[in-house]
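Below you'll find the structure, written out as structure tokens, and then a few comments.
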2 protein chains.
Amino acid sequence: MSDLAAVDVAVSPEDKFREYLMTKGMRLTTERETIVREVFASHEHFDVDQLVSRLSQRTDGKRVSRSTVYRMISLLVESGLLRPVARPNDREVYEHDYGYPQHDHLICKECGTLIEFVDDSLNDILERVAEQNGFRVSAHRLEVYGKCADCCRPKRRPRKTDRI
Amino acid sequence: MSDLAAVDVAVSPEDKFREYLMTKGMRLTTERETIVREVFASHEHFDVDQLVSRLSQRTDGKRVSRSTVYRMISLLVESGLLRPVARPNDREVYEHDYGYPQHDHLICKECGTLIEFVDDSLNDILERVAEQNGFRVSAHRLEVYGKCADCCRPKRRPRKTDRI
DNA sequence: TTTCGTGCAAAGCCTTTGCATCCAT
DNA sequence: ATGGATGCAAAGGCTTTGCACGAAA
């Protein structure tokens, strides 16, 4: 995700989440704060397992159970901070949905690289199609599969080690 | 899927599948034939559970076990006859990939209904984006999530029992 | 104090698999 | 006969949930 500029946000993810909890009458516990921080400490895509191990490696004693992580992921998705982007091998993969511009992905079938792109006309199309069907769009997932520039070049070997 | 015109195909799904099995040195058993026919008897989207119940309602005694259905779905996907299109409520939903035109889906988060749509300008956009990134597109998967017309209507309760 | 949240383990769900039996070549 | 295929039930893998304990307000 590093090649897209971060959007200027007035409110930090923590604050945004705090707000969300407020409206729901929920509490910002230490565990919840720990998770939000861990999630937004890196812009990488991640699945639940990866998040759990990042949390379990903490040396400050702020450990969080797997159940709580699952419960938190739901909250983060509901609150608009996170969104699921893909599901390779039955593991849901998430990415930041807040403080980051809307985008979609070109996915190289060869090396697995994810290339993010933004295209506004896409939304226009979706809106039009939705309207024609009396449908109210809340989100979309567009995955474009193919071969990236690197892998199209004959010289270089595909980067098999690249993940997600 | 019924409002999309079927593409003319020289070979029937059964024949195509038979061919595939041949190349793999596998057999076309009665069970496999039954499943291919049942799958291509209707153009509707379906999940494994639905296919299983359709099969179990047969009166001709041609029943097939759930395991075999799962094993067959893999084969049908591998052979290019079927493709997974969405995963509402954690159930993989499949559709015909052979003898049917390219299209995308509106997916109702409420009742799980899939609405197909075709939009040519979408491909133009993808091509343009791909070119800008030196990417060669081979396929795409676009899932638009939201609320369908039925579920938007306040009168009627969302159809919780409807699956797909 | 009282309500909400956490952790643990158990349960759920869909899917895959081991294995004995069966069947098409 | 002889592999591959089927069915059944059991096992897997990820996710959800019931419940008692613990922590905010």
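Each chain in the structure tokens gets a letter, A, B, ..., in the order shown, and its residues are numbered from 1; ligands are numbered from 1 in order too.
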| field | Residue list for chain A near chain C as a list in words, 8 Å, only C-alpha atoms (C1' of nucleotides) | value |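 So the contacting residues turn out to be Met26, Arg27, Thr29, Ser65, Ser67 and Thr68 of chain A.
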Write the residues of the selection above to a file with C-alpha atoms, as a tab-separated table (two decimals), in the first residue's frame.
chain	number	residue	atom	x	y	z
A	26	MET	CA	-19.56	0.88	24.18
A	27	ARG	CA	-16.33	1.23	26.14
A	29	THR	CA	-10.99	-0.79	26.94
A	65	SER	CA	-7.11	-13.08	23.21
A	67	SER	CA	-11.70	-14.01	20.54
A	68	THR	CA	-11.29	-10.36	21.29
Going by DSSP on the backbone, which bits of range 44-162 of chain B are strand (DSSP E)? Write them as a tab-separated table (two decimals) with N, CA and C atoms, in the first residue's frame, please.
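Writing the result to result-v4.tsv gives the following:
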chain	number	residue	atom	x	y	z
B	46	PHE	N	-25.90	-20.99	-7.45
B	46	PHE	CA	-26.21	-21.95	-6.40
B	46	PHE	C	-25.02	-22.15	-5.49
B	47	ASP	N	-25.30	-22.63	-4.29
B	47	ASP	CA	-24.22	-23.01	-3.40
B	47	ASP	C	-24.30	-24.52	-3.22
B	82	LEU	N	-17.43	-24.24	-14.29
B	82	LEU	CA	-18.06	-23.50	-13.20
B	82	LEU	C	-17.06	-22.50	-12.66
B	83	ARG	N	-17.58	-21.45	-12.06
B	83	ARG	CA	-16.66	-20.57	-11.36
B	83	ARG	C	-17.33	-20.00	-10.14
B	84	PRO	N	-16.55	-19.81	-9.09
B	84	PRO	CA	-17.09	-19.21	-7.86
B	84	PRO	C	-17.29	-17.74	-8.13
B	85	VAL	N	-18.42	-17.19	-7.69
B	85	VAL	CA	-18.67	-15.78	-7.97
B	85	VAL	C	-18.79	-14.90	-6.75
B	86	ALA	N	-19.15	-15.48	-5.63
B	86	ALA	CA	-19.30	-14.66	-4.45
B	86	ALA	C	-19.32	-15.56	-3.24
B	93	VAL	N	-20.66	-19.35	-3.68
B	93	VAL	CA	-21.72	-19.44	-4.67
B	93	VAL	C	-21.10	-19.59	-6.06
B	94	TYR	N	-21.65	-20.51	-6.83
B	94	TYR	CA	-21.09	-20.81	-8.15
B	94	TYR	C	-22.04	-20.44	-9.27
B	95	GLU	N	-21.46	-20.30	-10.46
B	95	GLU	CA	-22.30	-20.09	-11.63
B	95	GLU	C	-21.61	-20.73	-12.83
B	96	HIS	N	-22.37	-20.86	-13.90
B	96	HIS	CA	-21.81	-21.46	-15.12
B	96	HIS	C	-20.74	-20.55	-15.70
B	104	ASP	N	-20.85	-9.11	-14.17
B	104	ASP	CA	-20.49	-8.91	-12.77
B	104	ASP	C	-21.74	-8.95	-11.90
B	105	HIS	N	-21.58	-8.73	-10.60
B	105	HIS	CA	-22.70	-8.91	-9.68
B	105	HIS	C	-22.92	-7.82	-8.66
B	106	LEU	N	-24.19	-7.55	-8.42
B	106	LEU	CA	-24.59	-6.75	-7.28
B	106	LEU	C	-24.99	-7.78	-6.23
B	107	ILE	N	-24.49	-7.66	-5.04
B	107	ILE	CA	-24.76	-8.65	-4.01
B	107	ILE	C	-25.44	-8.00	-2.81
B	108	CYS	N	-26.62	-8.47	-2.50
B	108	CYS	CA	-27.36	-7.90	-1.37
B	108	CYS	C	-26.84	-8.49	-0.06
B	114	LEU	N	-28.11	-12.33	-5.69
B	114	LEU	CA	-27.12	-11.89	-6.66
B	114	LEU	C	-27.84	-11.32	-7.87
B	115	ILE	N	-27.47	-10.13	-8.27
B	115	ILE	CA	-28.04	-9.54	-9.47
B	115	ILE	C	-26.91	-9.38	-10.48
B	116	GLU	N	-27.12	-9.91	-11.69
B	116	GLU	CA	-26.06	-9.81	-12.68
B	116	GLU	C	-26.19	-8.53	-13.49
B	117	PHE	N	-25.07	-8.02	-13.93
B	117	PHE	CA	-25.11	-6.88	-14.85
B	117	PHE	C	-23.92	-6.92	-15.78
B	136	ARG	N	-1.00	-6.63	-17.68
B	136	ARG	CA	-1.77	-7.31	-18.71
B	136	ARG	C	-2.94	-8.05	-18.06
B	137	VAL	N	-4.14	-7.59	-18.29
B	137	VAL	CA	-5.34	-8.16	-17.65
B	137	VAL	C	-5.75	-9.49	-18.27
B	138	SER	N	-6.05	-10.45	-17.42
B	138	SER	CA	-6.57	-11.71	-17.95
B	138	SER	C	-7.98	-11.98	-17.45
B	139	ALA	N	-8.33	-11.41	-16.32
B	139	ALA	CA	-9.68	-11.61	-15.80
B	139	ALA	C	-9.94	-10.62	-14.67
B	140	HIS	N	-11.17	-10.52	-14.26
B	140	HIS	CA	-11.45	-9.69	-13.10
B	140	HIS	C	-12.67	-10.23	-12.35
B	141	ARG	N	-12.78	-9.76	-11.15
B	141	ARG	CA	-13.91	-10.15	-10.32
B	141	ARG	C	-14.39	-8.92	-9.59
B	142	LEU	N	-15.60	-8.51	-9.92
B	142	LEU	CA	-16.15	-7.30	-9.31
B	142	LEU	C	-17.40	-7.65	-8.53
B	143	GLU	N	-17.37	-7.39	-7.24
B	143	GLU	CA	-18.53	-7.66	-6.40
B	143	GLU	C	-18.98	-6.35	-5.79
B	144	VAL	N	-20.21	-5.98	-6.08
B	144	VAL	CA	-20.74	-4.73	-5.55
B	144	VAL	C	-21.72	-5.07	-4.43
B	145	TYR	N	-21.38	-4.66	-3.22
B	145	TYR	CA	-22.22	-4.99	-2.08
B	145	TYR	C	-23.18	-3.85	-1.72
B	146	GLY	N	-24.30	-4.22	-1.21
B	146	GLY	CA	-25.27	-3.20	-0.81
B	146	GLY	C	-26.59	-3.83	-0.45
B	147	LYS	N	-27.66	-3.12	-0.76
B	147	LYS	CA	-28.99	-3.56	-0.37
B	147	LYS	C	-29.85	-3.59	-1.62
Within 10 Å of chain B, which residues of chain D show up when using only C-alpha atoms (C1' of nucleotides), listed as a compact mmCIF listing (two decimals) with C-alpha atoms (C1' of nucleotides), in the first residue's frame?
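And here's iface.txt as it stands now:
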# COMPACT_ATOMS: atom_id res chain seq x y z
C1' DG D 4 -10.14 -45.08 -9.52
C1' DA D 5 -14.69 -43.41 -7.27
C1' DT D 6 -18.20 -43.29 -3.69
C1' DG D 7 -20.19 -42.84 1.00
C1' DC D 8 -19.96 -42.46 5.52
| said: Least-squares superposition of chain B on chain A, all Cα atoms, in-order pairing: what RMSD comes out, in Å? | reply: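 The superposed chains show a C-alpha RMSD of 2.6 Å.
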| Restricting the calculation to only C-alpha atoms, which member of A:Val118, A:Val48, A:Leu55, A:Met22 is positioned closest to Tyr70 in chain A? |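 With only C-alpha atoms as the atom set, the closest residue is A:Val48.
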| said: For a quick check of understanding, using only C-alpha atoms, which of B:Asp97, B:Glu44, B:Glu92, B:Glu38 has the smallest distance to chain A? | reply: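 Nearest to chain A: B:Glu92.
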| query | Of the candidates A:Gly99, A:Gly80, A:Gly134, A:Pro13, which one gets nearest to chain B if we count only C-alpha atoms? | reply |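 Going through A:Gly99, A:Gly80, A:Gly134, A:Pro13 one by one, the smallest distance to chain B is for A:Gly134.
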| So how far away is CA of Met72 in chain A from CA of Leu51 in chain A, in Å? |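 Rounded to one decimal, the two atoms are 11.2 Å apart.
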| request: Could you find all residues in range 7-133 of chain B that DSSP calls helix (DSSP H, G or I) from the backbone, and write them as JSON, numbers by chain? | output: {"B": [13, 14, 15, 16, 17, 18, 19, 20, 21, 22, 23, 24, 30, 31, 32, 33, 34, 35, 36, 37, 38, 39, 40, 48, 49, 50, 51, 52, 53, 54, 55, 56, 66, 67, 68, 69, 70, 71, 72, 73, 74, 75, 76, 77, 78, 88, 89, 90, 120, 121, 122, 123, 124, 125, 126, 127, 128, 129, 130, 131, 132]}
| Minimum-distance residue to chain B, chosen among A:Leu21, A:Cys151, A:Val52, A:Leu75 (using only C-alpha atoms) | A:Cys151
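The nearest approach to chain A among the residues B:Leu126, B:Phe17, B:Phe135, B:Arg153, with only C-alpha atoms taken into account, belongs to B:Phe135.
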